[in-house]
Amino acid sequence: MELVSQIGGGVTDGLAYVGSLATLAGRAAWYTFVAPFHGRPLRLTRAFSQAMDCGVRALPILSLITFFFGLILALQSAYELRKFGAIDLVATAVAVSMTRELGPLITAIIVIGRSGSAFAAEIGTMKVTEEIDALETMAISPVSFLVAPKFIAMIVMLPCLTIWANSMGILGGGVFGVLQADFTIGRYVRASMDALILRDLITGLIKSVMFGMTITAVGCLEGLNTGAGAEQVGKSTTRAVVMSIFMVVLVDLVFTMLFFFLGG
Amino acid sequence: MANQELEMDRDNSDSGPMVSLRDLHVSYGDREILHGISFDVKRGETMVILGGSGSGKSTLLRTLVGLERASSGEVWIQGKNIADISQDEMDEIRKHIGMSFQGSALFGSMTVGDNVALPLREHTKLEDSTIEIMLRLKLEQVGLAGFEYYMPSQLSGGMMKRAAVARAMAMDPEILFFDEPSAGLDPIIAAGIDQLILELKKAFRMTIIIVTHELASAFLIADRMVLIDKGNVVAIGTTEEMRKSTQPRVRQFLDRVAEPEVARELDYLQMLTEDRRPAKMPGGKGRA
């Protein structure tokens, strides 16, 4: 009986958490898409600065990791494919896996590590040092001032980073293709492009936008829920990373199922 | 006693109170922190809210600026009961109040100038050049002229407090709130902050509400004081009335007499360390 009660409690807490995330993301979306038509400013300068932080500055590490991932994927696919004499399908395997699933997911996980944690730490520190209270007493909504610019930056930059990650992954696979599978770079790229259909790219990009919203909501919510003291900032940051990864995988599952049943 | 004084306050007031609390109750979850606070603050008056740690004075201040919601009762500011208004209405009121936080709460990622200019940029349609002039003026008023391009981390504790006051004054507020203005500052810098508050009071005739437990500072800057203890108003009156008060809790607070259980603990510690020197105060009472 106690187990049932604990499971029930866990499910209720989980649903409440998802509700809080949806509320925060909804408010950020309102400040982004609706409020500017009601005379409230769209903070593009702050959004641009966030986009540089979470997007442009993530490029080197993202490039390296996704390049290696493409290479690993090619090696793993080739291991099975060569048994069937189909090693030239490596390009297809890498292109489809990266574009539909791994590109958006790896990008999201790197962005969680770099930016999701930073959002929680930044807002959590501001909470501890009463800066959030200061914003409120100045009649400035913390969601408008802090969350909305991050929201804009993430929903714009995550798809861009994902496209870049896909390309770097395909390039990584291409290195294997050229060195081990008698491809030329041109033929490898052509084979990859032939394997992809627009829907592959679009489903990956839709997921990446959803991941961007999820990472922003979790990072900012954990920051805003930070308790008193420096120790709590550390705890919020850890929770932001763990919960973001969990929520991103959950969102990934939901959208993959959705695309599957819709024939995508 | 406190209620009688409240009635007197209302009779003597020329233009009605600027802030008025009526039977204010505030709770955190199941725990009630404020148990029916009532008092008025007159226009242009400097009211100091005194109280020990955990007395509820900071909760009271947070409720006055709308950071905490009243569980019951009324909080009238500029003719509106903020316990019962929408967020948009609260934000309108907040444009006419300023708040200086205990830890300054300056935005670390912005320069001092940007901190001060923020409310102006958010709530006015002034040209950048005008805002620039205004922020310089505000910084000059708090003795920080020329510091607009400094980051908060480059300022000393006292300068940060001054910058926070400049930001609180950016919108020319009618009411200025201070949370522990001298906390964490050495006596000389703290005296400087007291002096600044006195100058603001003299120059702008603002209504100022200050939460503190620094007695010297409180008696210097207050027109009236209210002593809060365990979430209740213990006494309210002018500095002179408070000095002359015979109310036991007021005397204990003003004379800085430790709680009996603390005094007993001190005796016990003294016994443990075999320190046989005479206690500071006869009758087992020590100083807090």
# chains A, B, ... in the order shown; residues from 1 in each chain; ligands from 1
$ residues_around --residues "region 62-67 of chain A" --least-positions-apart "2" --cutoff "8 Å" --atoms "only C-alpha atoms" --output "PDB file with N, CA and C atoms, in the first residue's frame"
ATOM      1  N   ALA A  58      29.329  27.544 -28.687  1.00  0.00           N
ATOM      2  CA  ALA A  58      29.264  26.083 -28.534  1.00  0.00           C
ATOM      3  C   ALA A  58      29.798  25.370 -29.766  1.00  0.00           C
ATOM      4  N   LEU A  59      30.037  26.123 -30.842  1.00  0.00           N
ATOM      5  CA  LEU A  59      30.393  25.493 -32.117  1.00  0.00           C
ATOM      6  C   LEU A  59      31.658  24.625 -32.059  1.00  0.00           C
ATOM      7  N   PRO A  60      32.772  25.096 -31.480  1.00  0.00           N
ATOM      8  CA  PRO A  60      33.984  24.267 -31.512  1.00  0.00           C
ATOM      9  C   PRO A  60      33.780  22.885 -30.882  1.00  0.00           C
ATOM     10  N   PHE A  69      31.405  11.530 -33.423  1.00  0.00           N
ATOM     11  CA  PHE A  69      30.218  10.677 -33.370  1.00  0.00           C
ATOM     12  C   PHE A  69      29.891  10.109 -34.740  1.00  0.00           C
ATOM     13  N   GLY A  70      30.026  10.954 -35.775  1.00  0.00           N
ATOM     14  CA  GLY A  70      29.786  10.490 -37.145  1.00  0.00           C
ATOM     15  C   GLY A  70      30.749   9.369 -37.500  1.00  0.00           C
ATOM     16  N   LEU A  71      31.999   9.552 -37.069  1.00  0.00           N
ATOM     17  CA  LEU A  71      33.029   8.549 -37.339  1.00  0.00           C
ATOM     18  C   LEU A  71      32.708   7.238 -36.607  1.00  0.00           C
ATOM     19  N   GLY A 103      21.860  13.835 -34.211  1.00  0.00           N
ATOM     20  CA  GLY A 103      22.246  15.252 -34.321  1.00  0.00           C
ATOM     21  C   GLY A 103      21.504  16.104 -33.304  1.00  0.00           C
ATOM     22  N   ILE A 106      22.447  14.852 -29.540  1.00  0.00           N
ATOM     23  CA  ILE A 106      23.802  15.196 -29.061  1.00  0.00           C
ATOM     24  C   ILE A 106      23.903  16.718 -28.873  1.00  0.00           C
ATOM     25  N   THR A 107      23.347  17.462 -29.816  1.00  0.00           N
ATOM     26  CA  THR A 107      23.370  18.929 -29.690  1.00  0.00           C
ATOM     27  C   THR A 107      22.697  19.347 -28.387  1.00  0.00           C
ATOM     28  N   ILE A 110      24.862  18.572 -25.350  1.00  0.00           N
ATOM     29  CA  ILE A 110      25.985  19.517 -25.212  1.00  0.00           C
ATOM     30  C   ILE A 110      25.469  20.880 -24.735  1.00  0.00           C
ATOM     31  N   TRP A 164      24.287  22.171 -38.086  1.00  0.00           N
ATOM     32  CA  TRP A 164      25.753  22.121 -38.075  1.00  0.00           C
ATOM     33  C   TRP A 164      26.241  20.752 -37.572  1.00  0.00           C
ATOM     34  N   ALA A 165      25.589  20.272 -36.507  1.00  0.00           N
ATOM     35  CA  ALA A 165      25.977  18.967 -35.935  1.00  0.00           C
ATOM     36  C   ALA A 165      25.749  17.854 -36.953  1.00  0.00           C
ATOM     37  N   ASN A 166      24.625  17.916 -37.660  1.00  0.00           N
ATOM     38  CA  ASN A 166      24.340  16.911 -38.695  1.00  0.00           C
ATOM     39  C   ASN A 166      25.463  16.913 -39.741  1.00  0.00           C
ATOM     40  N   MET A 168      28.553  18.002 -39.470  1.00  0.00           N
ATOM     41  CA  MET A 168      29.827  17.524 -38.933  1.00  0.00           C
ATOM     42  C   MET A 168      29.810  16.008 -38.748  1.00  0.00           C
ATOM     43  N   GLY A 169      28.669  15.480 -38.363  1.00  0.00           N
ATOM     44  CA  GLY A 169      28.523  14.027 -38.209  1.00  0.00           C
ATOM     45  C   GLY A 169      28.709  13.338 -39.549  1.00  0.00           C
ATOM     46  N   ILE A 170      28.061  13.893 -40.586  1.00  0.00           N
ATOM     47  CA  ILE A 170      28.181  13.321 -41.939  1.00  0.00           C
ATOM     48  C   ILE A 170      29.632  13.412 -42.414  1.00  0.00           C
ATOM     49  N   LEU A 171      30.283  14.522 -42.068  1.00  0.00           N
ATOM     50  CA  LEU A 171      31.696  14.688 -42.430  1.00  0.00           C
ATOM     51  C   LEU A 171      32.556  13.627 -41.736  1.00  0.00           C
ATOM     52  N   GLY A 172      32.253  13.384 -40.447  1.00  0.00           N
ATOM     53  CA  GLY A 172      32.980  12.336 -39.694  1.00  0.00           C
ATOM     54  C   GLY A 172      32.808  10.987 -40.361  1.00  0.00           C
ATOM     55  N   GLY A 173      31.556  10.685 -40.722  1.00  0.00           N
ATOM     56  CA  GLY A 173      31.278   9.426 -41.428  1.00  0.00           C
ATOM     57  C   GLY A 173      32.009   9.397 -42.762  1.00  0.00           C
TER      58      GLY A 173
END
$ closest_atom_pairs --of "chain B" --to "chain A" --cutoff "9 Å" --atoms "only C-alpha atoms" --output "CSV"
residue,atom,partner,partner_atom,distance
B:Val65,CA,A:Thr137,CA,6.5
B:Gly66,CA,A:Thr137,CA,7.6
B:Leu67,CA,A:Asp133,CA,7.1
B:Asp88,CA,A:Ala139,CA,8.8
B:Met90,CA,A:Ala139,CA,7.9
B:Asp91,CA,A:Ala139,CA,4.7
B:Glu92,CA,A:Ala139,CA,7.4
B:Ile93,CA,A:Ala139,CA,8.5
B:Arg94,CA,A:Ala139,CA,5.6
B:Lys95,CA,A:Ala139,CA,6.4
B:Ile97,CA,A:Thr137,CA,8.0
B:Gly98,CA,A:Met138,CA,7.3
B:Met99,CA,A:Thr137,CA,6.8
B:Ser100,CA,A:Ala134,CA,8.3
B:Phe101,CA,A:Glu130,CA,7.4
B:Gln102,CA,A:Glu130,CA,8.6
B:Gly103,CA,A:Thr129,CA,6.7
B:Ser104,CA,A:Glu130,CA,8.1
B:Ala105,CA,A:Glu131,CA,4.7
B:Leu106,CA,A:Glu131,CA,6.6
B:Phe107,CA,A:Glu131,CA,6.4
B:Gly108,CA,A:Met126,CA,8.8
B:Leu118,CA,A:Met138,CA,8.8
B:Pro119,CA,A:Met138,CA,6.3
B:Glu122,CA,A:Ile140,CA,7.5
B:His123,CA,A:Ala139,CA,8.6
B:Ala168,CA,A:Met138,CA,8.2
$ write_last_selection --atoms "C-alpha atoms" --output "mmCIF file, in the first residue's frame"
data_model
loop_
_atom_site.group_PDB
_atom_site.id
_atom_site.type_symbol
_atom_site.label_atom_id
_atom_site.label_comp_id
_atom_site.auth_asym_id
_atom_site.auth_seq_id
_atom_site.Cartn_x
_atom_site.Cartn_y
_atom_site.Cartn_z
ATOM 1 C CA VAL B 65 6.708 45.867 -1.627
ATOM 2 C CA GLY B 66 4.540 42.994 -2.826
ATOM 3 C CA LEU B 67 7.167 40.247 -2.699
ATOM 4 C CA ASP B 88 -0.387 44.726 -13.413
ATOM 5 C CA MET B 90 1.009 46.026 -8.369
ATOM 6 C CA ASP B 91 3.560 46.808 -11.061
ATOM 7 C CA GLU B 92 2.005 50.267 -11.500
ATOM 8 C CA ILE B 93 2.459 50.924 -7.765
ATOM 9 C CA ARG B 94 6.000 49.579 -7.903
ATOM 10 C CA LYS B 95 6.920 52.270 -10.420
ATOM 11 C CA ILE B 97 8.377 52.994 -4.948
ATOM 12 C CA GLY B 98 12.070 52.230 -4.593
ATOM 13 C CA MET B 99 13.721 49.468 -2.649
ATOM 14 C CA SER B 100 17.286 49.158 -1.430
ATOM 15 C CA PHE B 101 18.107 45.567 -0.524
ATOM 16 C CA GLN B 102 20.279 44.313 2.311
ATOM 17 C CA GLY B 103 22.910 42.919 -0.061
ATOM 18 C CA SER B 104 22.472 45.780 -2.572
ATOM 19 C CA ALA B 105 21.170 43.343 -5.242
ATOM 20 C CA LEU B 106 22.941 45.188 -8.055
ATOM 21 C CA PHE B 107 23.027 43.223 -11.309
ATOM 22 C CA GLY B 108 26.559 41.883 -11.511
ATOM 23 C CA LEU B 118 17.439 50.091 -15.940
ATOM 24 C CA PRO B 119 14.109 51.270 -14.461
ATOM 25 C CA GLU B 122 12.121 49.880 -18.862
ATOM 26 C CA HIS B 123 9.383 52.270 -17.828
ATOM 27 C CA ALA B 168 16.019 52.756 -6.064
#
$ residues_around --residues "region 209-217 of chain A" --least-positions-apart "2" --cutoff "7 Å" --atoms "only C-alpha atoms" --output "list in words"
Leu21, Leu24, Ala25, Ala108, Ile112, Gly116, Lys150, Phe151, Met154, Ile155, Leu158, Pro159, Leu205, Ile206, Lys207, Gly219, Cys220, Leu221, Ser244, Met247 and Val248 of chain A
$ select_by_dssp --residues "region 38-120 of chain B" --states "strand (DSSP E or B)" --output "ChimeraX atom specification"
/B:38-42,46-51,72-77,80-81,97-101,104
$ residues_around --residues "Ala191 (chain A)" --least-positions-apart "5" --cutoff "9 Å" --atoms "only C-alpha atoms" --output "list in words"
Asp88, Leu89, Ala91, Thr92, Ala95, Gly186 and Leu196 of chain A
$ residues_around --residues "Leu64 (chain B)" --least-positions-apart "3" --cutoff "9 Å" --atoms "only C-alpha atoms" --output "list in words"
Val19, Leu21, Thr59, Leu60, Leu61, Leu67, Glu68, Val75, Trp76, Ile77, Ile82 and Phe177 of chain B
$ select_by_dssp --residues "region 163-230 of chain A" --states "helix (DSSP H, G or I)" --output "JSON, numbers by chain"
{"A": [163, 164, 165, 166, 167, 168, 169, 170, 171, 172, 173, 174, 175, 176, 177, 178, 179, 180, 185, 186, 187, 188, 189, 190, 191, 192, 193, 194, 195, 198, 199, 200, 201, 202, 203, 204, 205, 206, 207, 208, 209, 210, 211, 212, 213, 214, 215, 216, 217, 218, 219, 220, 221, 222, 223, 224, 230]}
$ residues_around --residues "Phe147 (chain B)" --least-positions-apart "6" --cutoff "9 Å" --atoms "only C-alpha atoms" --output "PyMOL selection string"
chain B and resi 111-113+136+139+155
$ atom_distance --atom1 "CA of Leu24 (chain B)" --atom2 "CA of Ala70 (chain B)"
6.6 Å
$ closest_residue --among "B:Leu176, B:Met134, B:Val250, B:Met159" --to "Leu200 (chain B)" --atoms "only C-alpha atoms"
B:Leu176
$ closest_residue --among "A:Ser192, A:Ser115, A:Thr184, A:Ser144" --to "Asp53 (chain A)" --atoms "only C-alpha atoms"
A:Ser115
$ closest_residue --among "A:Thr99, A:Thr125, A:Ile163, A:Ala74" --to "Tyr188 (chain A)" --atoms "only C-alpha atoms"
A:Ala74
$ closest_residue --among "A:Met257, A:Ala181, A:Ile109, A:Ala148" --to "Val242 (chain A)" --atoms "only C-alpha atoms"
A:Ile109
$ decode --residues "region 185-196 of chain A" --atoms "all heavy atoms" --output "PDB file, in the first residue's frame"
ATOM      1  N   ILE A 185      35.005  11.991 -51.481  1.00  0.00           N
ATOM      2  CA  ILE A 185      34.213  12.912 -50.648  1.00  0.00           C
ATOM      3  C   ILE A 185      32.929  13.305 -51.380  1.00  0.00           C
ATOM      4  O   ILE A 185      31.835  13.295 -50.803  1.00  0.00           O
ATOM      5  CB  ILE A 185      35.054  14.148 -50.261  1.00  0.00           C
ATOM      6  CG1 ILE A 185      35.756  13.907 -48.929  1.00  0.00           C
ATOM      7  CG2 ILE A 185      34.228  15.434 -50.124  1.00  0.00           C
ATOM      8  CD1 ILE A 185      34.865  13.911 -47.695  1.00  0.00           C
ATOM      9  N   GLY A 186      33.049  13.622 -52.664  1.00  0.00           N
ATOM     10  CA  GLY A 186      31.879  14.037 -53.445  1.00  0.00           C
ATOM     11  C   GLY A 186      30.832  12.942 -53.489  1.00  0.00           C
ATOM     12  O   GLY A 186      29.645  13.197 -53.278  1.00  0.00           O
ATOM     13  N   ARG A 187      31.279  11.697 -53.724  1.00  0.00           N
ATOM     14  CA  ARG A 187      30.328  10.589 -53.829  1.00  0.00           C
ATOM     15  C   ARG A 187      29.679  10.312 -52.462  1.00  0.00           C
ATOM     16  O   ARG A 187      28.485  10.009 -52.375  1.00  0.00           O
ATOM     17  CB  ARG A 187      31.040   9.328 -54.345  1.00  0.00           C
ATOM     18  CG  ARG A 187      30.067   8.294 -54.934  1.00  0.00           C
ATOM     19  CD  ARG A 187      30.795   7.343 -55.853  1.00  0.00           C
ATOM     20  NE  ARG A 187      31.706   6.454 -55.139  1.00  0.00           N
ATOM     21  CZ  ARG A 187      31.310   5.325 -54.513  1.00  0.00           C
ATOM     22  NH1 ARG A 187      30.037   4.977 -54.508  1.00  0.00           N
ATOM     23  NH2 ARG A 187      32.196   4.579 -53.887  1.00  0.00           N
ATOM     24  N   TYR A 188      30.473  10.462 -51.385  1.00  0.00           N
ATOM     25  CA  TYR A 188      29.935  10.220 -50.038  1.00  0.00           C
ATOM     26  C   TYR A 188      28.831  11.241 -49.726  1.00  0.00           C
ATOM     27  O   TYR A 188      27.758  10.896 -49.241  1.00  0.00           O
ATOM     28  CB  TYR A 188      31.041  10.299 -48.976  1.00  0.00           C
ATOM     29  CG  TYR A 188      30.545   9.906 -47.602  1.00  0.00           C
ATOM     30  CD1 TYR A 188      30.594   8.578 -47.178  1.00  0.00           C
ATOM     31  CD2 TYR A 188      29.977  10.842 -46.746  1.00  0.00           C
ATOM     32  CE1 TYR A 188      30.103   8.209 -45.941  1.00  0.00           C
ATOM     33  CE2 TYR A 188      29.488  10.486 -45.514  1.00  0.00           C
ATOM     34  CZ  TYR A 188      29.551   9.154 -45.107  1.00  0.00           C
ATOM     35  OH  TYR A 188      29.055   8.798 -43.884  1.00  0.00           O
ATOM     36  N   VAL A 189      29.131  12.499 -50.036  1.00  0.00           N
ATOM     37  CA  VAL A 189      28.142  13.562 -49.757  1.00  0.00           C
ATOM     38  C   VAL A 189      26.886  13.323 -50.590  1.00  0.00           C
ATOM     39  O   VAL A 189      25.763  13.427 -50.091  1.00  0.00           O
ATOM     40  CB  VAL A 189      28.750  14.960 -50.036  1.00  0.00           C
ATOM     41  CG1 VAL A 189      27.676  16.049 -49.966  1.00  0.00           C
ATOM     42  CG2 VAL A 189      29.860  15.256 -49.045  1.00  0.00           C
ATOM     43  N   ARG A 190      27.093  12.975 -51.874  1.00  0.00           N
ATOM     44  CA  ARG A 190      25.931  12.712 -52.740  1.00  0.00           C
ATOM     45  C   ARG A 190      25.108  11.541 -52.198  1.00  0.00           C
ATOM     46  O   ARG A 190      23.883  11.604 -52.134  1.00  0.00           O
ATOM     47  CB  ARG A 190      26.401  12.420 -54.173  1.00  0.00           C
ATOM     48  CG  ARG A 190      26.029  13.544 -55.152  1.00  0.00           C
ATOM     49  CD  ARG A 190      26.138  13.140 -56.601  1.00  0.00           C
ATOM     50  NE  ARG A 190      27.212  12.215 -56.923  1.00  0.00           N
ATOM     51  CZ  ARG A 190      28.484  12.572 -57.158  1.00  0.00           C
ATOM     52  NH1 ARG A 190      28.835  13.843 -57.073  1.00  0.00           N
ATOM     53  NH2 ARG A 190      29.403  11.674 -57.473  1.00  0.00           N
ATOM     54  N   ALA A 191      25.796  10.499 -51.754  1.00  0.00           N
ATOM     55  CA  ALA A 191      25.097   9.319 -51.211  1.00  0.00           C
ATOM     56  C   ALA A 191      24.305   9.699 -49.965  1.00  0.00           C
ATOM     57  O   ALA A 191      23.168   9.242 -49.768  1.00  0.00           O
ATOM     58  CB  ALA A 191      26.102   8.223 -50.887  1.00  0.00           C
ATOM     59  N   SER A 192      24.909  10.557 -49.136  1.00  0.00           N
ATOM     60  CA  SER A 192      24.213  11.014 -47.922  1.00  0.00           C
ATOM     61  C   SER A 192      22.976  11.823 -48.287  1.00  0.00           C
ATOM     62  O   SER A 192      21.891  11.626 -47.716  1.00  0.00           O
ATOM     63  CB  SER A 192      25.140  11.873 -47.067  1.00  0.00           C
ATOM     64  OG  SER A 192      26.274  11.152 -46.700  1.00  0.00           O
ATOM     65  N   MET A 193      23.139  12.739 -49.244  1.00  0.00           N
ATOM     66  CA  MET A 193      22.014  13.595 -49.647  1.00  0.00           C
ATOM     67  C   MET A 193      20.890  12.758 -50.270  1.00  0.00           C
ATOM     68  O   MET A 193      19.708  12.979 -50.010  1.00  0.00           O
ATOM     69  CB  MET A 193      22.476  14.661 -50.663  1.00  0.00           C
ATOM     70  CG  MET A 193      23.400  15.715 -50.094  1.00  0.00           C
ATOM     71  SD  MET A 193      22.626  16.655 -48.790  1.00  0.00           S
ATOM     72  CE  MET A 193      23.604  16.168 -47.409  1.00  0.00           C
ATOM     73  N   ASP A 194      21.273  11.752 -51.078  1.00  0.00           N
ATOM     74  CA  ASP A 194      20.270  10.892 -51.712  1.00  0.00           C
ATOM     75  C   ASP A 194      19.489  10.099 -50.666  1.00  0.00           C
ATOM     76  O   ASP A 194      18.306   9.796 -50.847  1.00  0.00           O
ATOM     77  CB  ASP A 194      20.939   9.910 -52.689  1.00  0.00           C
ATOM     78  CG  ASP A 194      21.454  10.637 -53.929  1.00  0.00           C
ATOM     79  OD1 ASP A 194      21.049  11.801 -54.130  1.00  0.00           O
ATOM     80  OD2 ASP A 194      22.284  10.060 -54.665  1.00  0.00           O
ATOM     81  N   ALA A 195      20.195   9.764 -49.557  1.00  0.00           N
ATOM     82  CA  ALA A 195      19.539   8.945 -48.524  1.00  0.00           C
ATOM     83  C   ALA A 195      18.526   9.753 -47.727  1.00  0.00           C
ATOM     84  O   ALA A 195      17.597   9.203 -47.143  1.00  0.00           O
ATOM     85  CB  ALA A 195      20.597   8.381 -47.583  1.00  0.00           C
ATOM     86  N   LEU A 196      18.724  11.071 -47.704  1.00  0.00           N
ATOM     87  CA  LEU A 196      17.861  11.913 -46.860  1.00  0.00           C
ATOM     88  C   LEU A 196      16.661  12.432 -47.639  1.00  0.00           C
ATOM     89  O   LEU A 196      16.767  12.725 -48.826  1.00  0.00           O
ATOM     90  CB  LEU A 196      18.651  13.106 -46.333  1.00  0.00           C
ATOM     91  CG  LEU A 196      19.743  12.800 -45.316  1.00  0.00           C
ATOM     92  CD1 LEU A 196      20.530  14.053 -45.005  1.00  0.00           C
ATOM     93  CD2 LEU A 196      19.147  12.217 -44.047  1.00  0.00           C
TER      94      LEU A 196
END
